[in-house]
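Engineer: My structure file entry33.cif, mmCIF, C-alpha atoms, is below:
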```
data_start
loop_
_atom_site.label_atom_id
_atom_site.label_comp_id
_atom_site.auth_asym_id
_atom_site.auth_seq_id
_atom_site.Cartn_x
_atom_site.Cartn_y
_atom_site.Cartn_z
CA MET M 1 0.00 0.00 0.00
CA ILE M 2 0.99 3.62 -0.47
CA LYS M 3 2.66 5.35 2.47
CA GLU M 4 3.89 8.84 3.24
CA SER M 5 5.39 10.43 6.31
CA ILE M 6 5.79 13.86 7.79
CA GLU M 7 7.77 15.22 10.71
CA PHE M 8 6.79 18.06 12.98
CA GLN M 9 7.64 19.55 16.33
CA VAL M 10 5.00 19.95 19.03
CA GLU M 11 4.70 23.70 19.41
CA PHE M 12 3.61 25.78 22.40
CA TYR M 13 0.28 26.73 20.82
CA ASP M 14 -0.62 23.02 20.55
CA VAL M 15 -0.10 22.07 24.21
CA ASP M 16 -2.19 22.35 27.35
CA SER M 17 -1.09 23.65 30.75
CA MET M 18 0.79 20.37 31.37
CA GLN M 19 2.83 20.93 28.16
CA VAL M 20 1.16 17.90 26.57
CA ALA M 21 -0.31 18.14 23.07
CA TRP M 22 -4.04 18.77 23.42
CA HIS M 23 -5.95 15.70 22.16
CA GLY M 24 -7.90 17.67 19.55
CA ASN M 25 -4.70 18.67 17.76
CA TYR M 26 -4.02 15.08 16.74
CA VAL M 27 -6.75 15.43 14.12
CA LYS M 28 -4.88 18.46 12.74
CA TYR M 29 -1.65 16.44 12.56
CA MET M 30 -3.55 13.65 10.81
CA GLU M 31 -4.84 16.17 8.27
CA VAL M 32 -1.32 17.38 7.48
CA ALA M 33 -0.18 13.78 6.92
CA ARG M 34 -3.30 12.98 4.87
CA CYS M 35 -2.65 15.99 2.62
CA ALA M 36 0.94 14.82 2.04
CA LEU M 37 -0.32 11.37 1.04
CA LEU M 38 -2.98 12.79 -1.27
CA ARG M 39 -0.36 15.01 -2.96
CA LYS M 40 1.80 11.92 -3.49
CA ILE M 41 -1.17 10.16 -5.13
CA GLY M 42 -1.86 13.24 -7.29
CA TYR M 43 -5.32 13.77 -5.85
CA ASP M 44 -5.10 16.69 -3.43
CA TYR M 45 -8.14 18.65 -2.30
CA ASN M 46 -8.03 20.94 -5.35
CA GLU M 47 -7.96 17.92 -7.66
CA MET M 48 -10.87 16.38 -5.72
CA THR M 49 -12.94 19.49 -6.32
CA ARG M 50 -11.98 19.58 -10.01
CA SER M 51 -13.09 15.96 -10.34
CA GLY M 52 -16.52 16.83 -8.90
CA TYR M 53 -16.23 15.27 -5.45
CA VAL M 54 -15.65 16.25 -1.88
CA TRP M 55 -14.49 13.73 0.71
CA PRO M 56 -15.80 14.47 4.20
CA VAL M 57 -14.41 12.56 7.15
CA VAL M 58 -17.05 10.10 8.36
CA ASP M 59 -15.10 8.28 11.07
CA ILE M 60 -11.98 8.82 13.18
CA HIS M 61 -10.40 6.58 15.80
CA VAL M 62 -7.43 7.64 17.92
CA LYS M 63 -5.55 5.47 20.41
CA TYR M 64 -3.34 7.62 22.65
CA LEU M 65 -0.48 5.45 23.90
CA ARG M 66 2.09 8.02 25.06
CA PRO M 67 1.76 11.81 25.23
CA MET M 68 3.32 14.16 22.72
CA ILE M 69 5.06 16.88 24.69
CA PHE M 70 6.19 20.45 24.06
CA LEU M 71 9.13 20.64 21.60
CA GLN M 72 9.10 16.90 20.92
CA LYS M 73 9.93 15.95 17.33
CA VAL M 74 7.29 13.58 15.99
CA ARG M 75 7.07 11.49 12.85
CA CYS M 76 3.68 10.53 11.44
CA GLU M 77 3.46 7.72 8.89
CA VAL M 78 0.16 7.50 7.03
CA THR M 79 -0.80 4.40 5.06
CA LEU M 80 -3.59 3.97 2.53
CA GLN M 81 -5.64 1.00 3.76
CA GLU M 82 -8.69 1.14 1.44
CA TYR M 83 -9.51 3.18 -1.65
CA GLU M 84 -12.08 1.33 -3.80
CA ILE M 85 -15.04 1.79 -1.46
CA CYS M 86 -13.85 4.72 0.64
CA LEU M 87 -10.64 6.47 1.63
CA LYS M 88 -9.42 4.70 4.75
CA LEU M 89 -6.06 5.68 6.23
CA SER M 90 -4.05 4.48 9.19
CA TYR M 91 -1.60 6.68 11.09
CA LYS M 92 1.33 5.86 13.31
CA PHE M 93 2.88 8.66 15.35
CA THR M 94 6.35 7.97 16.72
CA ASP M 95 9.01 9.92 18.56
CA ALA M 96 11.33 10.98 15.72
CA GLU M 97 14.44 10.38 17.82
CA THR M 98 13.64 7.14 19.69
CA GLY M 99 11.10 5.52 17.37
CA LYS M 100 8.73 4.84 20.28
CA VAL M 101 5.10 4.65 19.19
CA LEU M 102 3.06 7.51 20.65
CA THR M 103 -0.32 7.21 18.97
CA ARG M 104 -2.17 5.10 16.42
CA ALA M 105 -5.18 6.36 14.52
CA GLU M 106 -7.49 5.72 11.57
CA SER M 107 -9.68 7.98 9.47
CA THR M 108 -12.33 7.19 6.90
CA GLN M 109 -13.63 9.55 4.22
CA MET M 110 -16.28 8.94 1.60
CA ALA M 111 -16.87 10.56 -1.75
CA VAL M 112 -19.80 12.94 -2.12
CA ASP M 113 -20.89 14.30 -5.50
CA ILE M 114 -20.57 18.09 -5.35
CA LYS M 115 -23.57 18.77 -7.61
CA THR M 116 -26.08 16.33 -6.11
CA ARG M 117 -24.61 16.18 -2.56
CA GLU M 118 -25.19 12.45 -2.66
CA SER M 119 -22.80 10.03 -0.99
CA GLN M 120 -21.19 7.59 -3.37
CA VAL M 121 -21.41 3.84 -2.80
CA GLY M 122 -17.79 3.46 -3.91
CA SER M 123 -14.86 5.67 -4.77
CA PRO M 124 -15.03 7.46 -8.14
CA LEU M 125 -13.03 5.92 -10.95
CA CYS M 126 -10.86 9.04 -11.29
CA PHE M 127 -9.56 8.49 -7.72
CA ILE M 128 -9.07 4.74 -8.17
CA GLU M 129 -7.03 5.40 -11.33
CA LYS M 130 -4.81 7.93 -9.49
CA VAL M 131 -4.13 5.41 -6.72
CA ARG M 132 -3.26 2.67 -9.19
CA GLU M 133 -0.93 5.00 -11.09
CA CYS M 134 0.81 5.90 -7.84
CA GLU M 135 1.11 2.23 -6.87
CA ALA M 136 2.68 1.50 -10.26
CA ARG M 137 5.23 4.29 -9.73
CA GLU M 138 5.99 2.99 -6.22
CA ASN M 139 6.52 -0.57 -7.49
CA ALA M 140 8.63 0.40 -10.53
#
```
Would you mind giving the structure from this file in structure tokens?
Structural biologist:
Amino acid sequence: MIKESIEFQVEFYDVDSMQVAWHGNYVKYMEVARCALLRKIGYDYNEMTRSGYVWPVVDIHVKYLRPMIFLQKVRCEVTLQEYEICLKLSYKFTDAETGKVLTRAESTQMAVDIKTRESQVGSPLCFIEKVRECEARENA
């Protein structure tokens, strides 16, 4: 499957009074990783719109194993798990220096036709083709 990773540092504006990353910010970090993966596939949010679809998040699961703390360098690896029915991604957050797993998460998005606002039963062919092209590049 297709993977991408990002690295970031936990900044002051993302932490609570205990200098731990506030739980709601993990969704923001997931979004940054998801955008990197979609760019790699060649189907970023602008391309989605051009193709006539939006992809709202319909489900998120986060398992907090260890806290992310102020100034910690974190690596997030995002993996495409499913793309023919929906866009399902898994995330693994690790300490960039030690490799210790901090958090695991999943997100699911589904295609919605922009004009009709109807949810699609499966992913549109234009997205499936982009994923397969990316997989071919990765395996070449």
Engineer: Could you check the closest approach to Gln120 (chain M) for each of M:Val74, M:Ile69, M:Val54, M:Leu102 and tell me which residue wins, using only C-alpha atoms?
Structural biologist: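 Closest residue, counting only C-alpha atoms: M:Val54.
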Engineer: Give me the residues near Cys76 (chain M) as a list in words, where near means some atom within 8 Å (using all atoms listed in the file) and where sequence neighbours in that chain fewer than 4 positions away do not count.
Structural biologist: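 Result of the neighbour search: Ser5, Ile6, Glu7, Met30, Ala33, Tyr91, Lys92, Phe93 and Thr94 of chain M.
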Engineer: Rank M:Arg117, M:Lys28, M:Arg137, M:His61 by their smallest atom-to-atom distance to Lys88 (chain M), using all atoms listed in the file, and report the top residue only.
Structural biologist: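 Result for the nearest residue to Lys88 (chain M): M:His61.
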Engineer: How many Å lie between CA of Cys86 (chain M) and CA of Gly42 (chain M), rounded to one decimal?
Structural biologist: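 So the two atoms, CA of Cys86 (chain M) and CA of Gly42 (chain M), lie 16.7 Å apart.
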Engineer: Check which residues satisfy the PyMOL selection byres ((chain M and resi 126) around 12) in the file shown, then give them as a list in words.
Structural biologist: Ile41, Gly42, Tyr43, Glu47, Met48, Thr49, Arg50, Ser51, Gly52, Tyr53, Tyr83, Glu84, Ala111, Gly122, Ser123, Pro124, Leu125, Phe127, Ile128, Glu129, Lys130, Val131, Arg132 and Glu133 of chain M
Engineer: Save region 114-127 of chain M to disk from that block, C-alpha atoms included, as a PDB file, in the first residue's frame.
Structural biologist:
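To be explicit, this is the file written out as out05.pdb:
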```
ATOM      1  CA  ILE M 114     -20.569  18.094  -5.349  1.00  0.00           C
ATOM      2  CA  LYS M 115     -23.574  18.768  -7.611  1.00  0.00           C
ATOM      3  CA  THR M 116     -26.076  16.331  -6.114  1.00  0.00           C
ATOM      4  CA  ARG M 117     -24.609  16.180  -2.562  1.00  0.00           C
ATOM      5  CA  GLU M 118     -25.187  12.446  -2.660  1.00  0.00           C
ATOM      6  CA  SER M 119     -22.804  10.027  -0.988  1.00  0.00           C
ATOM      7  CA  GLN M 120     -21.190   7.585  -3.374  1.00  0.00           C
ATOM      8  CA  VAL M 121     -21.409   3.838  -2.799  1.00  0.00           C
ATOM      9  CA  GLY M 122     -17.788   3.459  -3.911  1.00  0.00           C
ATOM     10  CA  SER M 123     -14.862   5.673  -4.773  1.00  0.00           C
ATOM     11  CA  PRO M 124     -15.035   7.457  -8.135  1.00  0.00           C
ATOM     12  CA  LEU M 125     -13.028   5.918 -10.953  1.00  0.00           C
ATOM     13  CA  CYS M 126     -10.864   9.043 -11.287  1.00  0.00           C
ATOM     14  CA  PHE M 127      -9.565   8.495  -7.723  1.00  0.00           C
TER      15      PHE M 127
END
```
